[in-house]
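Visitor: Sharing final10.csv here; it has CSV, N, CA and C atoms.
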```
chain,number,residue,atom,x,y,z
A,1,MET,N,-0.7,-23.3,26.6
A,1,MET,CA,0.7,-22.7,26.7
A,1,MET,C,0.5,-21.2,26.8
A,2,LYS,N,1.2,-20.6,27.7
A,2,LYS,CA,1.2,-19.1,27.9
A,2,LYS,C,2.2,-18.5,27.0
A,3,LYS,N,1.8,-17.4,26.4
A,3,LYS,CA,2.7,-16.6,25.5
A,3,LYS,C,2.3,-15.2,25.6
A,4,SER,N,3.1,-14.3,25.0
A,4,SER,CA,2.6,-12.9,24.8
A,4,SER,C,1.8,-12.8,23.5
A,5,LEU,N,0.9,-11.9,23.5
A,5,LEU,CA,0.1,-11.6,22.3
A,5,LEU,C,1.0,-11.4,21.1
A,6,SER,N,2.1,-10.7,21.3
A,6,SER,CA,3.0,-10.3,20.2
A,6,SER,C,3.7,-11.5,19.5
A,7,SER,N,3.7,-12.6,20.3
A,7,SER,CA,4.4,-13.8,19.8
A,7,SER,C,3.5,-14.8,19.0
A,8,LEU,N,2.2,-14.5,18.9
A,8,LEU,CA,1.3,-15.3,18.2
A,8,LEU,C,1.6,-15.2,16.7
A,9,GLY,N,1.3,-16.2,15.9
A,9,GLY,CA,1.4,-16.2,14.5
A,9,GLY,C,0.1,-15.7,13.8
A,10,LEU,N,0.1,-15.4,12.5
A,10,LEU,CA,-1.1,-15.0,11.8
A,10,LEU,C,-2.2,-16.0,11.9
A,11,ASN,N,-3.4,-15.5,12.1
A,11,ASN,CA,-4.6,-16.3,12.2
A,11,ASN,C,-4.6,-17.2,13.4
A,12,GLN,N,-3.7,-17.0,14.3
A,12,GLN,CA,-3.7,-17.8,15.6
A,12,GLN,C,-4.7,-17.2,16.6
A,13,ILE,N,-5.4,-18.1,17.2
A,13,ILE,CA,-6.4,-17.7,18.2
A,13,ILE,C,-5.9,-18.1,19.6
A,14,ALA,N,-6.1,-17.2,20.6
A,14,ALA,CA,-5.8,-17.5,21.9
A,14,ALA,C,-6.8,-16.8,22.9
A,15,GLN,N,-6.7,-17.1,24.1
A,15,GLN,CA,-7.5,-16.5,25.1
A,15,GLN,C,-6.7,-15.6,26.0
A,16,ILE,N,-7.2,-14.4,26.2
A,16,ILE,CA,-6.5,-13.4,27.1
A,16,ILE,C,-6.4,-14.0,28.5
A,17,ASP,N,-5.2,-13.9,29.0
A,17,ASP,CA,-4.9,-14.4,30.4
A,17,ASP,C,-4.8,-13.2,31.3
A,18,LEU,N,-3.8,-12.3,31.0
A,18,LEU,CA,-3.7,-11.1,31.9
A,18,LEU,C,-2.9,-10.0,31.1
A,19,ILE,N,-3.1,-8.8,31.6
A,19,ILE,CA,-2.3,-7.7,31.1
A,19,ILE,C,-1.4,-7.3,32.2
A,20,ASN,N,-0.1,-7.2,31.9
A,20,ASN,CA,0.9,-6.9,32.8
A,20,ASN,C,0.8,-5.4,33.2
A,21,GLN,N,0.3,-5.2,34.4
A,21,GLN,CA,0.0,-3.8,34.9
A,21,GLN,C,1.3,-3.0,35.3
A,22,ASP,N,2.4,-3.7,35.4
A,22,ASP,CA,3.6,-3.0,35.8
A,22,ASP,C,4.3,-2.4,34.6
A,23,GLU,N,3.9,-2.8,33.4
A,23,GLU,CA,4.6,-2.3,32.2
A,23,GLU,C,3.8,-1.3,31.3
A,24,LEU,N,2.5,-1.3,31.5
A,24,LEU,CA,1.6,-0.4,30.7
A,24,LEU,C,0.9,0.6,31.6
A,25,LYS,N,0.7,1.8,31.0
A,25,LYS,CA,0.0,2.8,31.8
A,25,LYS,C,-1.4,2.4,32.1
A,26,ALA,N,-1.9,2.9,33.3
A,26,ALA,CA,-3.2,2.5,33.8
A,26,ALA,C,-4.3,3.0,32.8
A,27,GLU,N,-4.2,4.1,32.2
A,27,GLU,CA,-5.2,4.6,31.2
A,27,GLU,C,-5.3,3.7,30.0
A,28,TYR,N,-4.1,3.2,29.6
A,28,TYR,CA,-4.1,2.3,28.4
A,28,TYR,C,-4.7,1.0,28.7
A,29,ILE,N,-4.4,0.5,29.9
A,29,ILE,CA,-5.0,-0.8,30.4
A,29,ILE,C,-6.6,-0.6,30.4
A,30,LEU,N,-7.1,0.5,30.9
A,30,LEU,CA,-8.5,0.7,31.0
A,30,LEU,C,-9.1,0.7,29.6
A,31,GLU,N,-8.4,1.3,28.6
A,31,GLU,CA,-8.8,1.4,27.3
A,31,GLU,C,-8.9,0.0,26.7
A,32,LEU,N,-7.9,-0.9,26.9
A,32,LEU,CA,-7.9,-2.2,26.5
A,32,LEU,C,-9.1,-3.0,27.1
A,33,ILE,N,-9.4,-2.8,28.3
A,33,ILE,CA,-10.5,-3.4,29.0
A,33,ILE,C,-11.8,-3.0,28.3
A,34,ASP,N,-11.9,-1.7,28.0
A,34,ASP,CA,-13.1,-1.2,27.3
A,34,ASP,C,-13.3,-1.9,25.9
A,35,TYR,N,-12.2,-2.3,25.3
A,35,TYR,CA,-12.3,-3.0,24.0
A,35,TYR,C,-12.5,-4.5,24.1
A,36,GLY,N,-12.5,-5.0,25.4
A,36,GLY,CA,-12.9,-6.4,25.6
A,36,GLY,C,-11.7,-7.2,26.0
A,37,PHE,N,-10.5,-6.7,26.3
A,37,PHE,CA,-9.4,-7.5,26.7
A,37,PHE,C,-9.6,-7.9,28.1
A,38,LEU,N,-10.4,-9.0,28.3
A,38,LEU,CA,-10.7,-9.5,29.6
A,38,LEU,C,-10.3,-11.0,29.6
A,39,PRO,N,-9.9,-11.5,30.8
A,39,PRO,CA,-9.5,-12.9,30.9
A,39,PRO,C,-10.5,-13.8,30.3
A,40,GLY,N,-10.1,-14.8,29.5
A,40,GLY,CA,-10.9,-15.8,28.9
A,40,GLY,C,-11.5,-15.4,27.5
A,41,THR,N,-11.3,-14.1,27.1
A,41,THR,CA,-11.8,-13.6,25.9
A,41,THR,C,-10.9,-14.1,24.7
A,42,GLU,N,-11.5,-14.6,23.6
A,42,GLU,CA,-10.6,-15.0,22.5
A,42,GLU,C,-10.1,-13.8,21.7
A,43,VAL,N,-8.9,-13.9,21.3
A,43,VAL,CA,-8.3,-12.9,20.4
A,43,VAL,C,-7.6,-13.6,19.3
A,44,GLU,N,-7.7,-13.0,18.1
A,44,GLU,CA,-7.1,-13.6,16.9
A,44,GLU,C,-6.2,-12.6,16.2
A,45,VAL,N,-5.0,-13.0,15.8
A,45,VAL,CA,-4.1,-12.2,15.1
A,45,VAL,C,-4.4,-12.1,13.6
A,46,LEU,N,-4.7,-10.9,13.1
A,46,LEU,CA,-5.1,-10.8,11.7
A,46,LEU,C,-3.9,-10.4,10.8
A,47,GLN,N,-3.1,-9.5,11.3
A,47,GLN,CA,-1.9,-9.0,10.5
A,47,GLN,C,-0.8,-8.6,11.5
A,48,LYS,N,0.4,-8.7,10.9
A,48,LYS,CA,1.6,-8.1,11.6
A,48,LYS,C,2.3,-7.3,10.7
A,49,TYR,N,2.6,-6.1,11.1
A,49,TYR,CA,3.4,-5.1,10.3
A,49,TYR,C,4.7,-4.8,11.1
A,50,LEU,N,5.7,-5.7,10.9
A,50,LEU,CA,6.9,-5.6,11.7
A,50,LEU,C,7.6,-4.3,11.4
A,51,SER,N,7.6,-3.8,10.2
A,51,SER,CA,8.3,-2.6,9.8
A,51,SER,C,7.7,-1.4,10.5
A,52,GLN,N,6.4,-1.5,10.9
A,52,GLN,CA,5.7,-0.4,11.6
A,52,GLN,C,5.6,-0.7,13.1
A,53,ASN,N,6.0,-1.9,13.5
A,53,ASN,CA,5.9,-2.3,14.9
A,53,ASN,C,4.5,-2.4,15.4
A,54,LYS,N,3.6,-3.0,14.5
A,54,LYS,CA,2.2,-3.0,14.8
A,54,LYS,C,1.7,-4.5,14.6
A,55,ILE,N,0.6,-4.8,15.3
A,55,ILE,CA,-0.1,-6.0,15.2
A,55,ILE,C,-1.6,-5.7,15.2
A,56,VAL,N,-2.3,-6.3,14.3
A,56,VAL,CA,-3.8,-6.1,14.2
A,56,VAL,C,-4.5,-7.4,14.7
A,57,VAL,N,-5.3,-7.2,15.6
A,57,VAL,CA,-6.0,-8.3,16.3
A,57,VAL,C,-7.5,-8.1,16.2
A,58,GLN,N,-8.3,-9.2,16.3
A,58,GLN,CA,-9.7,-9.1,16.4
A,58,GLN,C,-10.1,-9.7,17.7
A,59,ILE,N,-10.9,-9.0,18.4
A,59,ILE,CA,-11.4,-9.4,19.7
A,59,ILE,C,-12.9,-9.2,19.7
A,60,GLY,N,-13.7,-10.3,19.7
A,60,GLY,CA,-15.2,-10.1,19.4
A,60,GLY,C,-15.4,-9.6,18.0
A,61,ARG,N,-16.1,-8.6,17.8
A,61,ARG,CA,-16.3,-8.0,16.5
A,61,ARG,C,-15.5,-6.8,16.3
A,62,THR,N,-14.5,-6.5,17.1
A,62,THR,CA,-13.7,-5.3,17.1
A,62,THR,C,-12.3,-5.7,16.6
A,63,ARG,N,-11.8,-4.9,15.6
A,63,ARG,CA,-10.4,-5.0,15.1
A,63,ARG,C,-9.6,-3.8,15.7
A,64,LEU,N,-8.5,-4.2,16.2
A,64,LEU,CA,-7.6,-3.1,16.8
A,64,LEU,C,-6.2,-3.3,16.3
A,65,SER,N,-5.5,-2.2,16.2
A,65,SER,CA,-4.1,-2.2,15.9
A,65,SER,C,-3.4,-1.8,17.2
A,66,LEU,N,-2.4,-2.6,17.6
A,66,LEU,CA,-1.6,-2.4,18.8
A,66,LEU,C,-0.2,-2.3,18.5
A,67,ARG,N,0.6,-1.5,19.2
A,67,ARG,CA,2.0,-1.5,19.1
A,67,ARG,C,2.5,-2.9,19.6
A,68,MET,N,3.5,-3.5,18.9
A,68,MET,CA,4.1,-4.7,19.3
A,68,MET,C,4.6,-4.7,20.7
A,69,ASN,N,5.2,-3.5,21.0
A,69,ASN,CA,5.8,-3.3,22.4
A,69,ASN,C,4.7,-3.5,23.5
A,70,ASP,N,3.5,-3.0,23.2
A,70,ASP,CA,2.4,-3.1,24.1
A,70,ASP,C,1.9,-4.6,24.1
A,71,ALA,N,1.8,-5.2,23.0
A,71,ALA,CA,1.2,-6.5,22.8
A,71,ALA,C,2.1,-7.5,23.6
A,72,MET,N,3.4,-7.2,23.7
A,72,MET,CA,4.3,-8.1,24.5
A,72,MET,C,3.9,-8.2,25.9
A,73,HIS,N,3.2,-7.3,26.5
A,73,HIS,CA,2.8,-7.3,27.9
A,73,HIS,C,1.3,-7.8,28.1
A,74,ILE,N,0.8,-8.4,27.0
A,74,ILE,CA,-0.6,-9.0,27.2
A,74,ILE,C,-0.3,-10.5,27.1
A,75,GLN,N,-0.6,-11.2,28.1
A,75,GLN,CA,-0.3,-12.7,28.2
A,75,GLN,C,-1.6,-13.4,27.7
A,76,VAL,N,-1.4,-14.4,26.9
A,76,VAL,CA,-2.5,-15.2,26.4
A,76,VAL,C,-2.2,-16.7,26.6
A,77,ASN,N,-3.3,-17.5,26.5
A,77,ASN,CA,-3.2,-18.9,26.6
A,77,ASN,C,-3.5,-19.5,25.2
A,78,THR,N,-2.7,-20.4,24.7
A,78,THR,CA,-3.1,-21.1,23.5
A,78,THR,C,-3.4,-22.6,23.8
A,79,ASN,N,-3.9,-23.3,22.9
A,79,ASN,CA,-4.2,-24.7,23.1
A,79,ASN,C,-3.1,-25.6,22.8
A,80,GLU,N,-1.9,-25.0,22.5
A,80,GLU,CA,-0.7,-25.8,22.2
A,80,GLU,C,-0.1,-26.4,23.4
A,81,ASN,N,0.5,-27.5,23.3
A,81,ASN,CA,1.2,-28.1,24.4
A,81,ASN,C,2.6,-27.7,24.5
```
Here is a file; write its structure as structure tokens.
Guide:
Amino acid sequence: MKKSLSSLGLNQIAQIDLINQDELKAEYILELIDYGFLPGTEVEVLQKYLSQNKIVVQIGRTRLSLRMNDAMHIQVNTNEN
């Protein structure tokens, strides 16, 4: 099932599908790619800080904090039906 990264629950794992290039700046997209946000790569949600509009994810051995508004534009696939 396709979802946005921001909609995943805690400890949920999904595979990166695509980054919406129309909504994010090119420099930011390149930075995400450098961190490993590539199609098929697994990403896990570690924390959500809704009061700060942040989500903490792990991709490979790297942990990142993203703005929820940016995570909305990263599409992932889950194994849910």
Visitor: Please, what distance in Å, to one decimal, runs between atom CA of Ile29 of chain A and atom C of Ser51 of chain A?
Guide: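 Taking atom CA of Ile29 of chain A and atom C of Ser51 of chain A, their separation equals 23.6 Å.
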Visitor: Excluding same-chain residues fewer than 4 positions from Tyr28 of chain A, what lies within 12 Å of it counting only C-alpha atoms, as a PyMOL selection string?
Guide: chain A and resi 19-24+32-35+37+66-67+70-71+73-74
Visitor: List every residue of chain A that DSSP, applied to the backbone of this structure, places in strand (DSSP E), and write the result as a VMD selection string.
Guide: chain A and resid 2 to 4 13 to 19 42 to 49 54 to 59 62 to 67 74 to 77
Visitor: What does the distance from atom C of Asp17 of chain A to atom CA of Gln52 of chain A come to in Å, to one decimal?
Guide: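 For atom C of Asp17 of chain A relative to atom CA of Gln52 of chain A, the distance reads 25.7 Å.
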Visitor: I'd like the neighbourhood of Gln47 of chain A as a PyMOL selection string, where a residue qualifies if any of its atoms comes within 8 Å (using only C-alpha atoms), though same-chain residues fewer than 3 positions away should be ignored.
Guide: chain A and resi 10-11+55-57
Visitor: Name the closest residue to Gly9 of chain A among the candidates A:Lys54, A:Lys48, A:Asn77, A:Arg61; distances are taken between atoms, counting all atoms listed in the file.
Guide: A:Lys48
Visitor: What gap, in Å, lies between atom C of Ala14 of chain A and atom C of Glu27 of chain A?
Guide: 21.7 Å
Visitor: Pick out the closest residue to Ser7 of chain A from this set: A:Ile59, A:Leu38, A:Asn53, A:Met68. Count only N, CA and C atoms.
Guide: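 Selected residue with least distance to Ser7 of chain A: A:Met68.
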Visitor: Where in chain A does DSSP assign helix (DSSP H, G or I), given as a list of chain:residue names?
Guide: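 For chain A, the helix (DSSP H, G or I) set is A:Leu5, A:Ser6, A:Ser7, A:Ala26, A:Glu27, A:Tyr28, A:Ile29, A:Leu30, A:Glu31, A:Leu32, A:Ile33, A:Asp34, A:Leu50, A:Ser51, A:Gln52, A:Met68, A:Asn69, A:Asp70, A:Ala71.
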Visitor: Restrict the output to segment 34-81 of chain A and N, CA and C atoms, then write it as a short mmCIF file (atom, residue, chain, number, x, y, z; two decimals), in the first residue's frame.
Guide:
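Below is the file that was written, result00.cif:
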```
data_model
loop_
_atom_site.label_atom_id
_atom_site.label_comp_id
_atom_site.auth_asym_id
_atom_site.auth_seq_id
_atom_site.Cartn_x
_atom_site.Cartn_y
_atom_site.Cartn_z
N ASP A 34 21.50 11.69 -1.00
CA ASP A 34 22.81 11.45 -0.37
C ASP A 34 22.68 10.63 0.90
N TYR A 35 21.58 10.83 1.63
CA TYR A 35 21.35 10.07 2.87
C TYR A 35 20.80 8.68 2.60
N GLY A 36 20.47 8.36 1.35
CA GLY A 36 20.04 7.02 1.01
C GLY A 36 18.57 6.89 0.68
N PHE A 37 17.85 7.99 0.51
CA PHE A 37 16.44 7.93 0.15
C PHE A 37 16.32 7.58 -1.33
N LEU A 38 16.46 6.30 -1.61
CA LEU A 38 16.42 5.78 -2.97
C LEU A 38 15.29 4.76 -3.08
N PRO A 39 14.69 4.62 -4.25
CA PRO A 39 13.61 3.65 -4.41
C PRO A 39 14.03 2.25 -3.95
N GLY A 40 13.17 1.62 -3.15
CA GLY A 40 13.41 0.27 -2.66
C GLY A 40 14.13 0.21 -1.33
N THR A 41 14.68 1.32 -0.87
CA THR A 41 15.41 1.33 0.40
C THR A 41 14.42 1.35 1.56
N GLU A 42 14.70 0.53 2.59
CA GLU A 42 13.83 0.49 3.75
C GLU A 42 14.06 1.69 4.65
N VAL A 43 12.96 2.19 5.20
CA VAL A 43 12.99 3.30 6.14
C VAL A 43 12.08 2.93 7.32
N GLU A 44 12.52 3.25 8.53
CA GLU A 44 11.74 2.94 9.73
C GLU A 44 11.50 4.23 10.51
N VAL A 45 10.28 4.39 11.00
CA VAL A 45 9.93 5.54 11.82
C VAL A 45 10.31 5.23 13.27
N LEU A 46 11.19 6.07 13.84
CA LEU A 46 11.63 5.87 15.22
C LEU A 46 10.87 6.74 16.21
N GLN A 47 10.59 7.97 15.85
CA GLN A 47 9.91 8.91 16.73
C GLN A 47 9.08 9.89 15.91
N LYS A 48 8.06 10.43 16.54
CA LYS A 48 7.29 11.52 15.96
C LYS A 48 7.13 12.58 17.04
N TYR A 49 7.47 13.80 16.71
CA TYR A 49 7.32 14.93 17.61
C TYR A 49 6.34 15.90 16.96
N LEU A 50 5.06 15.64 17.15
CA LEU A 50 4.04 16.42 16.47
C LEU A 50 4.07 17.88 16.91
N SER A 51 4.39 18.14 18.18
CA SER A 51 4.43 19.53 18.65
C SER A 51 5.55 20.32 17.98
N GLN A 52 6.58 19.60 17.50
CA GLN A 52 7.69 20.26 16.82
C GLN A 52 7.63 20.04 15.31
N ASN A 53 6.60 19.32 14.85
CA ASN A 53 6.43 19.04 13.42
C ASN A 53 7.61 18.26 12.86
N LYS A 54 8.11 17.26 13.63
CA LYS A 54 9.29 16.48 13.23
C LYS A 54 8.99 14.99 13.26
N ILE A 55 9.70 14.26 12.41
CA ILE A 55 9.67 12.80 12.39
C ILE A 55 11.12 12.33 12.33
N VAL A 56 11.46 11.33 13.14
CA VAL A 56 12.80 10.77 13.14
C VAL A 56 12.73 9.40 12.49
N VAL A 57 13.56 9.20 11.47
CA VAL A 57 13.56 7.94 10.74
C VAL A 57 14.96 7.36 10.71
N GLN A 58 15.01 6.07 10.47
CA GLN A 58 16.29 5.40 10.26
C GLN A 58 16.27 4.81 8.87
N ILE A 59 17.31 5.10 8.13
CA ILE A 59 17.48 4.57 6.79
C ILE A 59 18.89 4.01 6.74
N GLY A 60 19.00 2.70 6.61
CA GLY A 60 20.31 2.06 6.76
C GLY A 60 20.79 2.25 8.19
N ARG A 61 22.00 2.74 8.35
CA ARG A 61 22.54 3.00 9.69
C ARG A 61 22.45 4.48 10.07
N THR A 62 21.71 5.24 9.28
CA THR A 62 21.61 6.68 9.49
C THR A 62 20.26 7.05 10.08
N ARG A 63 20.28 7.89 11.11
CA ARG A 63 19.06 8.43 11.69
C ARG A 63 18.95 9.90 11.31
N LEU A 64 17.75 10.27 10.87
CA LEU A 64 17.51 11.64 10.42
C LEU A 64 16.24 12.18 11.03
N SER A 65 16.24 13.48 11.24
CA SER A 65 15.03 14.18 11.63
C SER A 65 14.57 14.99 10.43
N LEU A 66 13.31 14.80 10.06
CA LEU A 66 12.73 15.51 8.92
C LEU A 66 11.53 16.31 9.40
N ARG A 67 11.24 17.39 8.72
CA ARG A 67 10.00 18.10 8.98
C ARG A 67 8.85 17.25 8.45
N MET A 68 7.77 17.20 9.19
CA MET A 68 6.60 16.42 8.76
C MET A 68 6.09 16.92 7.41
N ASN A 69 6.16 18.23 7.19
CA ASN A 69 5.70 18.79 5.92
C ASN A 69 6.52 18.26 4.75
N ASP A 70 7.80 17.98 4.96
CA ASP A 70 8.64 17.41 3.91
C ASP A 70 8.38 15.91 3.78
N ALA A 71 8.21 15.23 4.91
CA ALA A 71 7.96 13.79 4.89
C ALA A 71 6.64 13.45 4.18
N MET A 72 5.73 14.42 4.13
CA MET A 72 4.46 14.21 3.41
C MET A 72 4.70 13.97 1.93
N HIS A 73 5.81 14.47 1.40
CA HIS A 73 6.08 14.40 -0.03
C HIS A 73 7.02 13.24 -0.40
N ILE A 74 7.27 12.36 0.56
CA ILE A 74 8.06 11.15 0.30
C ILE A 74 7.09 9.98 0.33
N GLN A 75 6.91 9.34 -0.80
CA GLN A 75 5.97 8.24 -0.92
C GLN A 75 6.68 6.94 -0.61
N VAL A 76 6.02 6.08 0.19
CA VAL A 76 6.58 4.79 0.57
C VAL A 76 5.58 3.69 0.28
N ASN A 77 6.08 2.46 0.21
CA ASN A 77 5.23 1.27 0.06
C ASN A 77 5.31 0.47 1.34
N THR A 78 4.17 0.05 1.84
CA THR A 78 4.13 -0.82 3.00
C THR A 78 3.64 -2.20 2.56
N ASN A 79 3.79 -3.17 3.42
CA ASN A 79 3.33 -4.52 3.09
C ASN A 79 1.87 -4.72 3.47
N GLU A 80 1.19 -3.66 3.89
CA GLU A 80 -0.21 -3.75 4.26
C GLU A 80 -1.06 -3.85 3.00
N ASN A 81 -2.19 -4.50 3.14
CA ASN A 81 -3.14 -4.59 2.03
C ASN A 81 -4.17 -3.50 2.09
#
```
